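Colleague: Let me give you the structure first, and then I'll get to my questions.
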Amino acid sequence: MALETEHKNAFAVESVELAEHGDVGKNVDDDGREKRTGTLLTASAHIITAVIGSGVLSLAWANAQLGWVAGPVVLMAFSGITWFTSTLLADCYRTPDPVTGKRNYTYMDVVRANLGGLKVLFCGVAQYCNLIGVSIGYTITGSISMAAVQRSDCFHSEGHVARCIVSNYGFMAIFASIQIVLSQIPNFHKLWWLSIVAAVMSFAYSSIGLGLSIARIAERPDVRTTLTGVTVGVDVSGAQKVWRTFQSLGNIAFAYSFSNVLIEIQVEPPENQVMKKASFVGVSTTTVFYVLCGCLGYAAFGNAAPGNFLTGFGFYEPFWLVDIGNVCIAIHLVGAYQVFCQPIYQFVETKSRGRWPESSFICREYSLRAPVVGEFSVNLFRVVWRTWYVVVTAVLAMIFPFFNDFLGLIGAFAFWPLTVYFPVEMYIAQAKIPRGSSVWIGLKMLSFVCLVISVVAALGSIQGLATDVSDYKPFKTVG
């Protein structure tokens with residue numbers, strides 16, 4: 001009798017839910033979570049947003065260090081490796097079967113399900129250090145682009161030889177203020193339009209950079225390019241050539257870093273097939289822009305290519321087009337910053353709710369109504385924690401505002417563990433690849449070669465960072 005009453009009550013509750021909301025099953029996936037509506041288009045846009053960031057701006061400089069032979073080859077090699085390992089990672093989204101297995105919602109969940117043990121800790125350290133580094137790097141680049149607009153206007157009005165000095169620190173504060181506001185959005189993945197806007201911005205400033213490079217090439221500038229890049233004894237010393245070559249590998253690696261947020265992108269089933277297609281579209285599209293930006297930028301500036309080809313003022317006119325390009329960079333990085341910091345936000349907030357489930361400060365949601373956005377959910381812990389994170393990354397960006405060195409270091413530390421090692425190891429474990437087989441040997445060799453690349457890239461970036469820090473005074477205005 002009690003069982004029958006309980007059944008009737010459950011049926012009554014379900015009937016009310018159906019009457020109010022329709023078929024509940026249509027609004028949730030097979031794991032009981034909100035139904036995923038991401039498509040190939042939105043997933044590709046998320047990937048393009050994550051991939052094309054500040055890394056594209058350093059590719060002309062990286063190509064200048066490597067030359068006409070090694071530069072394009074390295075770019076294509078990183079592209080192929082990134083796409084290949086992304087397909088391996090996509091198959092590990094569900095465990096143990098890539099189509100019908102249990103979903104894993106974060107990169108660490110995937111590692112835990114497939115590898116476990118100390119590798120989960122290693123993954124967490126690598127992933128979150130990389131995401132923090134990207135947050136700092138995007139703050140640096142966004143503020144540099146904002147400041148470049150003011151400098152561009154100054155050069156236009158005062159002349160190209162004018163000493164136009166603009167501090168980046170105020171613009172870092174502006175960038176951080178915008179991120180503090182955006183960080184309070186509880187369900188950022190629903191703002192699909194922001195990724196579309198950011199992707200459009202990335203295409204816009206890449207196209208502007210390409211157009212300005214082509215225009216400069218058409219003017220037949222007096223620049224020198226070589227098959228092997230900067231020349232020892234002419235442009236750099238022998239030691240500088242080695243260190244810069246290593247650092248350029250880190251810059252290119254950073255340009256392709258997105259694997260650690262791939263799992264966070266929510267798409268409709270079958271997820272592995274959608275993400276494989278989205279990875280191909282995203283990586284191939286960005287590679288076209290990367291090769292063009294790197295090669296045409298090198299052709300335009302030669303061995304003297306600036307570290308950032310839109311803010312390094314190789315281009316002065318038309319000043320308004322340079323301004324538009326830098327505004328597009330800033331807008332894009334506003335969205336990309338949020339894409340990369342969401343895993344950090346979710347990790348800390350999930351752990352906190354699990355540790356203190358009774359805390360109203362951590363768990364309670366307050367509903368507010370705003371004029372434009374309508375009803376808005378606010379959580380006090382989310383406000384305090386996310387604001388603190390943005391402020392800390394902004395302060396670190398102010399202390400270490402070295403564009404190429406910082407990006408190279410992030411790329412070096414993130415490339416091997418997150419882009420190569422874990423996807424390879426997880427795929428071997430899930431697919432049960434026999435030890436010693438040709439596939440196993442091939443995957444292990446790929447992982448080892450990429451480890452060597454990451455080590456030498458890190459060494460080059462650390463050397464460059466040490467050189468810059470020795471002559472730098474924090475919070476001083478520089479031109």
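How things are named: the first chain in the structure tokens is A, the next is B, and so on; residues count from 1 in each chain; ligands count from 1 in the order shown.
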Residues at most 6 Å from range 219-234 of chain A, counting only C-alpha atoms, excluding those fewer than 2 positions away in the same chain, as number ranges by chain?
Modeller: A: 64-69, 216-217, 236-238, 302-303
Colleague: Write out as a Markdown table a residue-level contact list of range 318-383 of chain A versus range 119-135 of chain A with cut-off 8 Å: for each qualifying residue the closest pair of atoms and the distance in Å to one decimal, counting only C-alpha atoms, rows sorted by chain and residue number upward.
Modeller:
| residue | atom | partner | partner_atom | distance |
| --- | --- | --- | --- | --- |
| A:Tyr337 | CA | A:Ser135 | CA | 5.9 |
| A:Phe340 | CA | A:Leu131 | CA | 6.1 |
| A:Cys341 | CA | A:Leu131 | CA | 6.4 |
| A:Ile344 | CA | A:Tyr128 | CA | 6.7 |
Colleague: Please, which residues of range 44-168 of chain A, numbered as in this document, come out helix (DSSP H, G or I) from DSSP, as a compact mmCIF listing (two decimals) with N, CA, C and O atoms, in the first residue's frame?
Modeller:
# COMPACT_ATOMS: atom_id res chain seq x y z
N SER A 44 32.95 24.38 -33.82
CA SER A 44 34.04 24.90 -34.65
C SER A 44 34.35 26.34 -34.27
O SER A 44 35.53 26.75 -34.21
N ALA A 45 33.30 27.12 -34.00
CA ALA A 45 33.49 28.52 -33.59
C ALA A 45 34.23 28.59 -32.26
O ALA A 45 35.12 29.42 -32.07
N HIS A 46 33.87 27.71 -31.30
CA HIS A 46 34.56 27.68 -30.02
C HIS A 46 36.04 27.35 -30.21
O HIS A 46 36.91 27.96 -29.57
N ILE A 47 36.33 26.39 -31.08
CA ILE A 47 37.72 25.99 -31.31
C ILE A 47 38.51 27.11 -31.97
O ILE A 47 39.63 27.43 -31.57
N ILE A 48 37.93 27.74 -32.98
CA ILE A 48 38.60 28.86 -33.65
C ILE A 48 38.85 29.99 -32.65
O ILE A 48 39.91 30.60 -32.63
N THR A 49 37.85 30.24 -31.79
CA THR A 49 38.00 31.26 -30.76
C THR A 49 39.15 30.92 -29.82
O THR A 49 39.94 31.79 -29.44
N ALA A 50 39.26 29.65 -29.45
CA ALA A 50 40.30 29.23 -28.52
C ALA A 50 41.67 29.19 -29.18
O ALA A 50 42.68 29.53 -28.54
N VAL A 51 41.75 28.80 -30.45
CA VAL A 51 43.04 28.65 -31.12
C VAL A 51 43.60 29.98 -31.57
O VAL A 51 44.73 30.35 -31.24
N SER A 54 46.34 35.39 -29.20
CA SER A 54 47.55 36.20 -29.26
C SER A 54 48.67 35.48 -29.99
O SER A 54 49.62 36.11 -30.44
N GLY A 55 48.57 34.15 -30.13
CA GLY A 55 49.63 33.41 -30.79
C GLY A 55 49.85 33.81 -32.23
O GLY A 55 50.98 33.83 -32.72
N VAL A 56 48.78 34.16 -32.95
CA VAL A 56 48.91 34.50 -34.37
C VAL A 56 49.76 35.76 -34.56
O VAL A 56 50.41 35.92 -35.60
N LEU A 57 49.79 36.63 -33.57
CA LEU A 57 50.49 37.90 -33.71
C LEU A 57 52.01 37.73 -33.69
O LEU A 57 52.73 38.62 -34.14
N SER A 58 52.49 36.61 -33.16
CA SER A 58 53.94 36.40 -33.05
C SER A 58 54.49 35.52 -34.16
O SER A 58 55.70 35.26 -34.20
N LEU A 59 53.65 35.09 -35.08
CA LEU A 59 54.10 34.10 -36.08
C LEU A 59 55.07 34.69 -37.10
O LEU A 59 55.93 33.98 -37.62
N ALA A 60 54.93 35.98 -37.44
CA ALA A 60 55.88 36.60 -38.36
C ALA A 60 57.27 36.61 -37.72
O ALA A 60 58.28 36.31 -38.38
N TRP A 61 57.32 36.93 -36.42
CA TRP A 61 58.60 36.92 -35.70
C TRP A 61 59.15 35.50 -35.64
O TRP A 61 60.36 35.28 -35.85
N ALA A 62 58.30 34.52 -35.34
CA ALA A 62 58.75 33.13 -35.26
C ALA A 62 59.29 32.66 -36.61
O ALA A 62 60.30 31.97 -36.67
N ASN A 63 58.61 33.05 -37.68
CA ASN A 63 59.05 32.66 -39.02
C ASN A 63 60.40 33.30 -39.35
O ASN A 63 61.24 32.71 -40.03
N ALA A 64 60.61 34.52 -38.84
CA ALA A 64 61.88 35.21 -39.08
C ALA A 64 63.03 34.48 -38.40
O ALA A 64 64.17 34.51 -38.90
N GLN A 65 62.78 33.84 -37.28
CA GLN A 65 63.84 33.11 -36.59
C GLN A 65 64.16 31.80 -37.31
O GLN A 65 65.30 31.34 -37.29
N LEU A 66 63.14 31.21 -37.97
CA LEU A 66 63.31 29.90 -38.59
C LEU A 66 63.64 29.96 -40.08
O LEU A 66 64.30 29.06 -40.61
N GLY A 67 63.14 30.99 -40.77
CA GLY A 67 63.41 31.13 -42.20
C GLY A 67 62.35 30.50 -43.08
O GLY A 67 61.36 29.93 -42.61
N TRP A 68 62.56 30.62 -44.38
CA TRP A 68 61.56 30.18 -45.36
C TRP A 68 61.39 28.66 -45.41
O TRP A 68 60.33 28.17 -45.81
N VAL A 69 62.39 27.92 -45.02
CA VAL A 69 62.29 26.46 -45.09
C VAL A 69 61.64 25.90 -43.83
O VAL A 69 60.58 25.28 -43.87
N ALA A 70 62.28 26.13 -42.71
CA ALA A 70 61.81 25.53 -41.46
C ALA A 70 60.52 26.17 -40.96
O ALA A 70 59.68 25.48 -40.35
N GLY A 71 60.32 27.46 -41.19
CA GLY A 71 59.14 28.16 -40.68
C GLY A 71 57.81 27.52 -41.09
O GLY A 71 57.03 27.06 -40.23
N PRO A 72 57.52 27.45 -42.40
CA PRO A 72 56.26 26.82 -42.83
C PRO A 72 56.18 25.34 -42.45
O PRO A 72 55.10 24.84 -42.12
N VAL A 73 57.31 24.63 -42.51
CA VAL A 73 57.30 23.20 -42.17
C VAL A 73 56.91 23.00 -40.71
O VAL A 73 56.08 22.13 -40.38
N VAL A 74 57.47 23.80 -39.81
CA VAL A 74 57.14 23.69 -38.39
C VAL A 74 55.68 24.03 -38.14
O VAL A 74 54.99 23.35 -37.35
N LEU A 75 55.17 25.07 -38.79
CA LEU A 75 53.76 25.44 -38.64
C LEU A 75 52.85 24.28 -39.05
O LEU A 75 51.89 23.95 -38.33
N MET A 76 53.13 23.68 -40.19
CA MET A 76 52.30 22.58 -40.67
C MET A 76 52.43 21.35 -39.76
O MET A 76 51.46 20.63 -39.52
N ALA A 77 53.64 21.13 -39.24
CA ALA A 77 53.85 19.98 -38.36
C ALA A 77 53.04 20.12 -37.07
O ALA A 77 52.37 19.18 -36.63
N PHE A 78 53.09 21.31 -36.46
CA PHE A 78 52.30 21.54 -35.25
C PHE A 78 50.80 21.42 -35.53
O PHE A 78 50.04 20.91 -34.70
N SER A 79 50.39 21.87 -36.70
CA SER A 79 48.97 21.76 -37.08
C SER A 79 48.55 20.31 -37.16
O SER A 79 47.51 19.91 -36.61
N GLY A 80 49.34 19.49 -37.84
CA GLY A 80 49.01 18.08 -38.00
C GLY A 80 48.99 17.35 -36.68
O GLY A 80 48.08 16.54 -36.41
N ILE A 81 49.97 17.63 -35.82
CA ILE A 81 50.03 16.96 -34.51
C ILE A 81 48.82 17.35 -33.66
O ILE A 81 48.19 16.51 -33.02
N THR A 82 48.49 18.65 -33.66
CA THR A 82 47.37 19.12 -32.85
C THR A 82 46.06 18.49 -33.30
O THR A 82 45.24 18.06 -32.47
N TRP A 83 45.84 18.44 -34.60
CA TRP A 83 44.60 17.85 -35.10
C TRP A 83 44.54 16.37 -34.77
O TRP A 83 43.51 15.86 -34.30
N PHE A 84 45.65 15.65 -34.98
CA PHE A 84 45.67 14.21 -34.74
C PHE A 84 45.39 13.88 -33.28
O PHE A 84 44.56 13.02 -32.96
N THR A 85 46.07 14.57 -32.37
CA THR A 85 45.86 14.27 -30.95
C THR A 85 44.47 14.72 -30.48
O THR A 85 43.94 14.14 -29.52
N SER A 86 43.88 15.71 -31.15
CA SER A 86 42.52 16.12 -30.81
C SER A 86 41.51 15.03 -31.15
O SER A 86 40.52 14.83 -30.43
N THR A 87 41.76 14.31 -32.23
CA THR A 87 40.87 13.20 -32.57
C THR A 87 40.99 12.07 -31.55
O THR A 87 40.00 11.41 -31.23
N LEU A 88 42.20 11.85 -31.03
CA LEU A 88 42.38 10.85 -29.98
C LEU A 88 41.62 11.27 -28.72
O LEU A 88 40.96 10.45 -28.07
N LEU A 89 41.71 12.55 -28.39
CA LEU A 89 41.04 13.06 -27.19
C LEU A 89 39.53 12.99 -27.33
O LEU A 89 38.82 12.69 -26.36
N ALA A 90 39.02 13.25 -28.54
CA ALA A 90 37.57 13.19 -28.76
C ALA A 90 37.02 11.79 -28.50
O ALA A 90 35.91 11.64 -27.98
N ASP A 91 37.79 10.77 -28.83
CA ASP A 91 37.35 9.39 -28.60
C ASP A 91 37.36 9.02 -27.12
O ASP A 91 36.78 8.00 -26.73
N TYR A 107 38.61 17.81 -18.62
CA TYR A 107 39.84 17.15 -19.06
C TYR A 107 40.36 16.23 -17.97
O TYR A 107 40.78 15.10 -18.24
N MET A 108 40.32 16.67 -16.72
CA MET A 108 40.78 15.83 -15.61
C MET A 108 39.90 14.61 -15.42
O MET A 108 40.39 13.54 -15.07
N ASP A 109 38.60 14.75 -15.66
CA ASP A 109 37.71 13.58 -15.57
C ASP A 109 38.10 12.51 -16.59
O ASP A 109 38.06 11.32 -16.30
N VAL A 110 38.47 12.96 -17.77
CA VAL A 110 38.89 12.02 -18.82
C VAL A 110 40.16 11.29 -18.40
O VAL A 110 40.27 10.06 -18.55
N VAL A 111 41.12 12.04 -17.86
CA VAL A 111 42.38 11.43 -17.41
C VAL A 111 42.10 10.46 -16.25
O VAL A 111 42.66 9.35 -16.20
N ARG A 112 41.24 10.86 -15.33
CA ARG A 112 40.91 10.01 -14.19
C ARG A 112 40.26 8.70 -14.63
O ARG A 112 40.58 7.62 -14.11
N ALA A 113 39.35 8.80 -15.61
CA ALA A 113 38.63 7.62 -16.07
C ALA A 113 39.52 6.66 -16.85
O ALA A 113 39.35 5.44 -16.78
N ASN A 114 40.50 7.19 -17.58
CA ASN A 114 41.31 6.35 -18.46
C ASN A 114 42.67 5.96 -17.88
O ASN A 114 43.20 4.90 -18.22
N LEU A 118 48.59 8.93 -10.04
CA LEU A 118 49.31 10.19 -9.97
C LEU A 118 49.20 11.00 -11.27
O LEU A 118 49.45 12.21 -11.26
N LYS A 119 48.83 10.33 -12.35
CA LYS A 119 48.71 11.05 -13.62
C LYS A 119 47.58 12.08 -13.57
O LYS A 119 47.62 13.07 -14.29
N VAL A 120 46.59 11.84 -12.72
CA VAL A 120 45.51 12.81 -12.56
C VAL A 120 46.06 14.09 -11.93
O VAL A 120 45.73 15.20 -12.35
N LEU A 121 46.91 13.92 -10.91
CA LEU A 121 47.54 15.08 -10.26
C LEU A 121 48.44 15.83 -11.24
O LEU A 121 48.41 17.06 -11.31
N PHE A 122 49.24 15.09 -12.00
CA PHE A 122 50.11 15.69 -13.01
C PHE A 122 49.29 16.47 -14.02
O PHE A 122 49.64 17.59 -14.41
N CYS A 123 48.19 15.88 -14.44
CA CYS A 123 47.30 16.55 -15.40
C CYS A 123 46.74 17.84 -14.82
O CYS A 123 46.71 18.88 -15.48
N GLY A 124 46.29 17.78 -13.57
CA GLY A 124 45.72 18.96 -12.95
C GLY A 124 46.71 20.10 -12.86
O GLY A 124 46.39 21.26 -13.19
N VAL A 125 47.94 19.79 -12.44
CA VAL A 125 48.97 20.82 -12.35
C VAL A 125 49.26 21.42 -13.73
O VAL A 125 49.32 22.64 -13.89
N ALA A 126 49.43 20.56 -14.73
CA ALA A 126 49.74 21.03 -16.08
C ALA A 126 48.60 21.86 -16.67
O ALA A 126 48.82 22.93 -17.24
N GLN A 127 47.37 21.36 -16.52
CA GLN A 127 46.22 22.02 -17.12
C GLN A 127 45.96 23.38 -16.50
O GLN A 127 45.83 24.39 -17.21
N TYR A 128 45.90 23.42 -15.18
CA TYR A 128 45.51 24.67 -14.55
C TYR A 128 46.63 25.71 -14.56
O TYR A 128 46.36 26.92 -14.63
N CYS A 129 47.89 25.26 -14.54
CA CYS A 129 49.00 26.21 -14.73
C CYS A 129 48.93 26.81 -16.13
O CYS A 129 49.17 28.02 -16.31
N ASN A 130 48.60 25.99 -17.11
CA ASN A 130 48.48 26.48 -18.48
C ASN A 130 47.33 27.47 -18.61
O ASN A 130 47.47 28.54 -19.22
N LEU A 131 46.19 27.15 -18.02
CA LEU A 131 45.03 28.03 -18.13
C LEU A 131 45.28 29.37 -17.43
O LEU A 131 44.89 30.43 -17.93
N ILE A 132 45.96 29.32 -16.30
CA ILE A 132 46.33 30.56 -15.62
C ILE A 132 47.29 31.37 -16.48
O ILE A 132 47.17 32.59 -16.61
N GLY A 133 48.26 30.67 -17.08
CA GLY A 133 49.21 31.35 -17.96
C GLY A 133 48.53 31.99 -19.15
O GLY A 133 48.88 33.11 -19.56
N VAL A 134 47.56 31.29 -19.73
CA VAL A 134 46.81 31.85 -20.87
C VAL A 134 46.04 33.09 -20.43
O VAL A 134 45.98 34.09 -21.16
N SER A 135 45.45 33.05 -19.25
CA SER A 135 44.72 34.22 -18.73
C SER A 135 45.66 35.42 -18.63
O SER A 135 45.30 36.54 -19.01
N ILE A 136 46.86 35.19 -18.12
CA ILE A 136 47.84 36.27 -18.00
C ILE A 136 48.27 36.74 -19.39
O ILE A 136 48.34 37.96 -19.66
N GLY A 137 48.54 35.78 -20.29
CA GLY A 137 48.97 36.14 -21.64
C GLY A 137 47.93 36.94 -22.39
O GLY A 137 48.26 37.90 -23.10
N TYR A 138 46.67 36.57 -22.24
CA TYR A 138 45.61 37.30 -22.93
C TYR A 138 45.40 38.68 -22.34
O TYR A 138 45.04 39.62 -23.05
N THR A 139 45.63 38.83 -21.04
CA THR A 139 45.57 40.15 -20.42
C THR A 139 46.67 41.04 -20.98
O THR A 139 46.43 42.23 -21.29
N ILE A 140 47.87 40.49 -21.11
CA ILE A 140 49.00 41.24 -21.69
C ILE A 140 48.66 41.68 -23.11
O ILE A 140 48.79 42.86 -23.47
N THR A 141 48.23 40.73 -23.93
CA THR A 141 47.99 41.01 -25.35
C THR A 141 46.81 41.95 -25.55
O THR A 141 46.86 42.86 -26.38
N GLY A 142 45.72 41.73 -24.79
CA GLY A 142 44.57 42.61 -24.92
C GLY A 142 44.90 44.04 -24.58
O GLY A 142 44.50 44.98 -25.28
N SER A 143 45.67 44.24 -23.51
CA SER A 143 46.03 45.60 -23.11
C SER A 143 47.01 46.24 -24.10
O SER A 143 46.92 47.44 -24.38
N ILE A 144 47.94 45.44 -24.64
CA ILE A 144 48.86 45.96 -25.64
C ILE A 144 48.10 46.45 -26.86
O ILE A 144 48.41 47.51 -27.44
N SER A 145 47.08 45.71 -27.28
CA SER A 145 46.29 46.10 -28.45
C SER A 145 45.48 47.36 -28.17
O SER A 145 45.34 48.22 -29.04
N MET A 146 44.93 47.46 -26.95
CA MET A 146 44.21 48.68 -26.60
C MET A 146 45.14 49.89 -26.62
O MET A 146 44.79 50.95 -27.15
N ALA A 147 46.32 49.73 -26.03
CA ALA A 147 47.29 50.83 -26.00
C ALA A 147 47.78 51.17 -27.41
O ALA A 147 48.07 52.34 -27.71
N ALA A 148 47.85 50.15 -28.28
CA ALA A 148 48.33 50.38 -29.65
C ALA A 148 47.40 51.31 -30.42
O ALA A 148 47.86 52.03 -31.32
N VAL A 149 46.11 51.29 -30.10
CA VAL A 149 45.18 52.20 -30.77
C VAL A 149 45.57 53.65 -30.46
O VAL A 149 45.63 54.51 -31.35
N GLN A 150 45.85 53.93 -29.20
CA GLN A 150 46.25 55.29 -28.80
C GLN A 150 47.59 55.66 -29.42
O GLN A 150 47.78 56.80 -29.89
N ARG A 151 48.52 54.73 -29.45
CA ARG A 151 49.83 55.02 -30.05
C ARG A 151 49.71 55.24 -31.56
O ARG A 151 50.38 56.11 -32.12
N SER A 152 48.85 54.46 -32.20
CA SER A 152 48.66 54.62 -33.64
C SER A 152 48.13 56.01 -33.98
O SER A 152 48.59 56.66 -34.93
N ASP A 153 47.17 56.46 -33.19
CA ASP A 153 46.62 57.81 -33.41
C ASP A 153 47.68 58.87 -33.16
O ASP A 153 47.74 59.90 -33.86
N CYS A 154 48.55 58.63 -32.18
CA CYS A 154 49.63 59.57 -31.89
C CYS A 154 50.62 59.64 -33.05
O CYS A 154 51.01 60.73 -33.48
N PHE A 155 51.02 58.49 -33.58
CA PHE A 155 51.95 58.47 -34.71
C PHE A 155 51.34 59.16 -35.93
O PHE A 155 52.04 59.82 -36.70
N HIS A 156 50.04 59.00 -36.11
CA HIS A 156 49.37 59.62 -37.26
C HIS A 156 49.38 61.13 -37.15
O HIS A 156 49.59 61.84 -38.14
N SER A 157 49.15 61.64 -35.96
CA SER A 157 49.05 63.09 -35.78
C SER A 157 50.41 63.76 -35.56
O SER A 157 50.63 64.89 -35.99
N GLU A 158 51.34 63.04 -34.90
CA GLU A 158 52.63 63.64 -34.56
C GLU A 158 53.77 63.23 -35.48
O GLU A 158 54.86 63.81 -35.42
Colleague: Please return as a compact mmCIF listing (two decimals) with N, CA and C atoms, in the first residue's frame: the residues of range 210-446 of chain A that backbone DSSP assigns to strand (DSSP E).
Modeller:
# COMPACT_ATOMS: atom_id res chain seq x y z
N TYR A 366 21.20 33.70 -5.58
CA TYR A 366 20.26 34.80 -5.41
C TYR A 366 19.79 35.25 -6.79
N SER A 367 18.52 35.43 -6.93
CA SER A 367 17.95 35.83 -8.21
C SER A 367 17.76 37.34 -8.24
N LEU A 368 18.38 37.99 -9.21
CA LEU A 368 18.26 39.44 -9.40
C LEU A 368 17.70 39.72 -10.79
N ARG A 369 17.07 40.85 -10.91
CA ARG A 369 16.51 41.24 -12.21
C ARG A 369 17.24 42.48 -12.71
N ALA A 370 17.87 42.36 -13.88
CA ALA A 370 18.61 43.46 -14.49
C ALA A 370 17.81 44.01 -15.67
N GLY A 374 17.44 40.71 -17.94
CA GLY A 374 16.31 40.06 -17.29
C GLY A 374 16.73 39.45 -15.96
N GLU A 375 16.18 38.27 -15.63
CA GLU A 375 16.51 37.63 -14.35
C GLU A 375 17.91 37.06 -14.39
N PHE A 376 18.65 37.32 -13.32
CA PHE A 376 20.07 36.99 -13.30
C PHE A 376 20.40 36.31 -11.97
N SER A 377 21.14 35.19 -12.05
CA SER A 377 21.49 34.43 -10.85
C SER A 377 22.85 34.89 -10.33
N VAL A 378 22.91 35.20 -9.03
CA VAL A 378 24.14 35.67 -8.40
C VAL A 378 24.49 34.78 -7.23
Colleague: When distances are computed from only C-alpha atoms, which of A:Tyr421, A:Tyr93, A:Tyr205, A:Tyr472 shows the smallest separation from Ile265 in chain A?
Modeller: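 With only C-alpha atoms as the atom set, the closest residue is A:Tyr93.
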Colleague: Just the residues within 6 Å of range 396-407 of chain A, please, counting only C-alpha atoms, with nothing from its chain fewer than 4 positions along; format it as a list of chain:residue names.
Modeller: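 Non-adjacent residues within range: A:Ile136, A:Ile140, A:Asn251, A:Ser461, A:Gly464, A:Leu465, A:Pro474.
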Colleague: Can those selected residues be exported to a file as a PDB file, in the first residue's frame so that it contains all heavy atoms?
Modeller:
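Output below, filename again_35.pdb:
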ATOM      1  N   ILE A 136      46.863  35.189 -18.122  1.00  0.00           N
ATOM      2  CA  ILE A 136      47.842  36.265 -18.002  1.00  0.00           C
ATOM      3  C   ILE A 136      48.265  36.745 -19.388  1.00  0.00           C
ATOM      4  O   ILE A 136      48.342  37.955 -19.661  1.00  0.00           O
ATOM      5  CB  ILE A 136      49.064  35.800 -17.199  1.00  0.00           C
ATOM      6  CG1 ILE A 136      48.648  35.424 -15.769  1.00  0.00           C
ATOM      7  CG2 ILE A 136      50.145  36.873 -17.170  1.00  0.00           C
ATOM      8  CD1 ILE A 136      49.725  34.708 -14.978  1.00  0.00           C
ATOM      9  N   ILE A 140      47.874  40.485 -21.109  1.00  0.00           N
ATOM     10  CA  ILE A 140      48.996  41.244 -21.688  1.00  0.00           C
ATOM     11  C   ILE A 140      48.664  41.678 -23.109  1.00  0.00           C
ATOM     12  O   ILE A 140      48.788  42.859 -23.471  1.00  0.00           O
ATOM     13  CB  ILE A 140      50.285  40.394 -21.679  1.00  0.00           C
ATOM     14  CG1 ILE A 140      50.743  40.111 -20.248  1.00  0.00           C
ATOM     15  CG2 ILE A 140      51.396  41.097 -22.461  1.00  0.00           C
ATOM     16  CD1 ILE A 140      51.877  39.107 -20.158  1.00  0.00           C
ATOM     17  N   ASN A 251      56.469  29.712 -29.196  1.00  0.00           N
ATOM     18  CA  ASN A 251      55.449  30.631 -29.704  1.00  0.00           C
ATOM     19  C   ASN A 251      54.474  29.922 -30.632  1.00  0.00           C
ATOM     20  O   ASN A 251      53.258  30.142 -30.564  1.00  0.00           O
ATOM     21  CB  ASN A 251      56.107  31.812 -30.429  1.00  0.00           C
ATOM     22  CG  ASN A 251      56.542  32.918 -29.495  1.00  0.00           C
ATOM     23  OD1 ASN A 251      56.137  34.061 -29.615  1.00  0.00           O
ATOM     24  ND2 ASN A 251      57.390  32.582 -28.533  1.00  0.00           N
ATOM     25  N   SER A 461      62.578  30.151 -24.016  1.00  0.00           N
ATOM     26  CA  SER A 461      61.694  31.166 -23.446  1.00  0.00           C
ATOM     27  C   SER A 461      62.177  31.636 -22.080  1.00  0.00           C
ATOM     28  O   SER A 461      62.092  32.822 -21.757  1.00  0.00           O
ATOM     29  CB  SER A 461      60.267  30.613 -23.340  1.00  0.00           C
ATOM     30  OG  SER A 461      59.768  30.280 -24.618  1.00  0.00           O
ATOM     31  N   GLY A 464      65.019  34.019 -22.620  1.00  0.00           N
ATOM     32  CA  GLY A 464      64.536  35.326 -23.058  1.00  0.00           C
ATOM     33  C   GLY A 464      63.871  36.091 -21.933  1.00  0.00           C
ATOM     34  O   GLY A 464      64.056  37.305 -21.793  1.00  0.00           O
ATOM     35  N   LEU A 465      63.108  35.388 -21.104  1.00  0.00           N
ATOM     36  CA  LEU A 465      62.429  36.017 -19.976  1.00  0.00           C
ATOM     37  C   LEU A 465      63.445  36.537 -18.961  1.00  0.00           C
ATOM     38  O   LEU A 465      63.304  37.651 -18.436  1.00  0.00           O
ATOM     39  CB  LEU A 465      61.486  35.014 -19.318  1.00  0.00           C
ATOM     40  CG  LEU A 465      60.419  35.556 -18.360  1.00  0.00           C
ATOM     41  CD1 LEU A 465      59.495  36.522 -19.070  1.00  0.00           C
ATOM     42  CD2 LEU A 465      59.621  34.404 -17.760  1.00  0.00           C
ATOM     43  N   PRO A 474      59.157  47.097 -12.971  1.00  0.00           N
ATOM     44  CA  PRO A 474      57.693  46.982 -13.003  1.00  0.00           C
ATOM     45  C   PRO A 474      57.000  48.310 -12.748  1.00  0.00           C
ATOM     46  O   PRO A 474      57.486  49.160 -11.994  1.00  0.00           O
ATOM     47  CB  PRO A 474      57.402  45.978 -11.876  1.00  0.00           C
ATOM     48  CG  PRO A 474      58.672  45.213 -11.702  1.00  0.00           C
ATOM     49  CD  PRO A 474      59.761  46.185 -11.996  1.00  0.00           C
TER      50      PRO A 474
END
Colleague: Do you know which residues are at most 8 Å from Phe413 in chain A counting only C-alpha atoms, after dropping those on the same chain fewer than 2 positions away, and could you put them as a short mmCIF file (atom, residue, chain, number, x, y, z; two decimals) with N, CA and C atoms, in the first residue's frame?
Modeller:
data_model
loop_
_atom_site.label_atom_id
_atom_site.label_comp_id
_atom_site.auth_asym_id
_atom_site.auth_seq_id
_atom_site.Cartn_x
_atom_site.Cartn_y
_atom_site.Cartn_z
N ALA A 126 49.43 20.56 -14.73
CA ALA A 126 49.74 21.03 -16.08
C ALA A 126 48.60 21.86 -16.67
N ASN A 130 48.60 25.99 -17.11
CA ASN A 130 48.48 26.48 -18.48
C ASN A 130 47.33 27.47 -18.61
N LEU A 409 56.83 30.52 -23.26
CA LEU A 409 56.93 29.69 -22.07
C LEU A 409 55.65 28.90 -21.83
N ILE A 410 54.49 29.56 -21.98
CA ILE A 410 53.20 28.88 -21.82
C ILE A 410 53.07 27.75 -22.84
N GLY A 411 53.39 28.08 -24.11
CA GLY A 411 53.28 27.07 -25.16
C GLY A 411 54.17 25.88 -24.92
N PHE A 415 52.30 22.29 -24.32
CA PHE A 415 52.18 21.51 -25.56
C PHE A 415 52.33 20.02 -25.33
N TRP A 416 53.44 19.59 -24.73
CA TRP A 416 53.65 18.14 -24.61
C TRP A 416 52.64 17.46 -23.68
N PRO A 417 52.46 17.91 -22.42
CA PRO A 417 51.56 17.14 -21.55
C PRO A 417 50.11 17.17 -21.99
N SER A 454 59.21 20.50 -26.52
CA SER A 454 58.74 21.32 -25.40
C SER A 454 59.89 21.73 -24.49
N VAL A 455 60.83 20.82 -24.26
CA VAL A 455 61.96 21.13 -23.38
C VAL A 455 62.83 22.24 -23.96
N ALA A 458 61.00 25.58 -23.92
CA ALA A 458 60.97 26.15 -22.58
C ALA A 458 62.30 26.80 -22.23
#
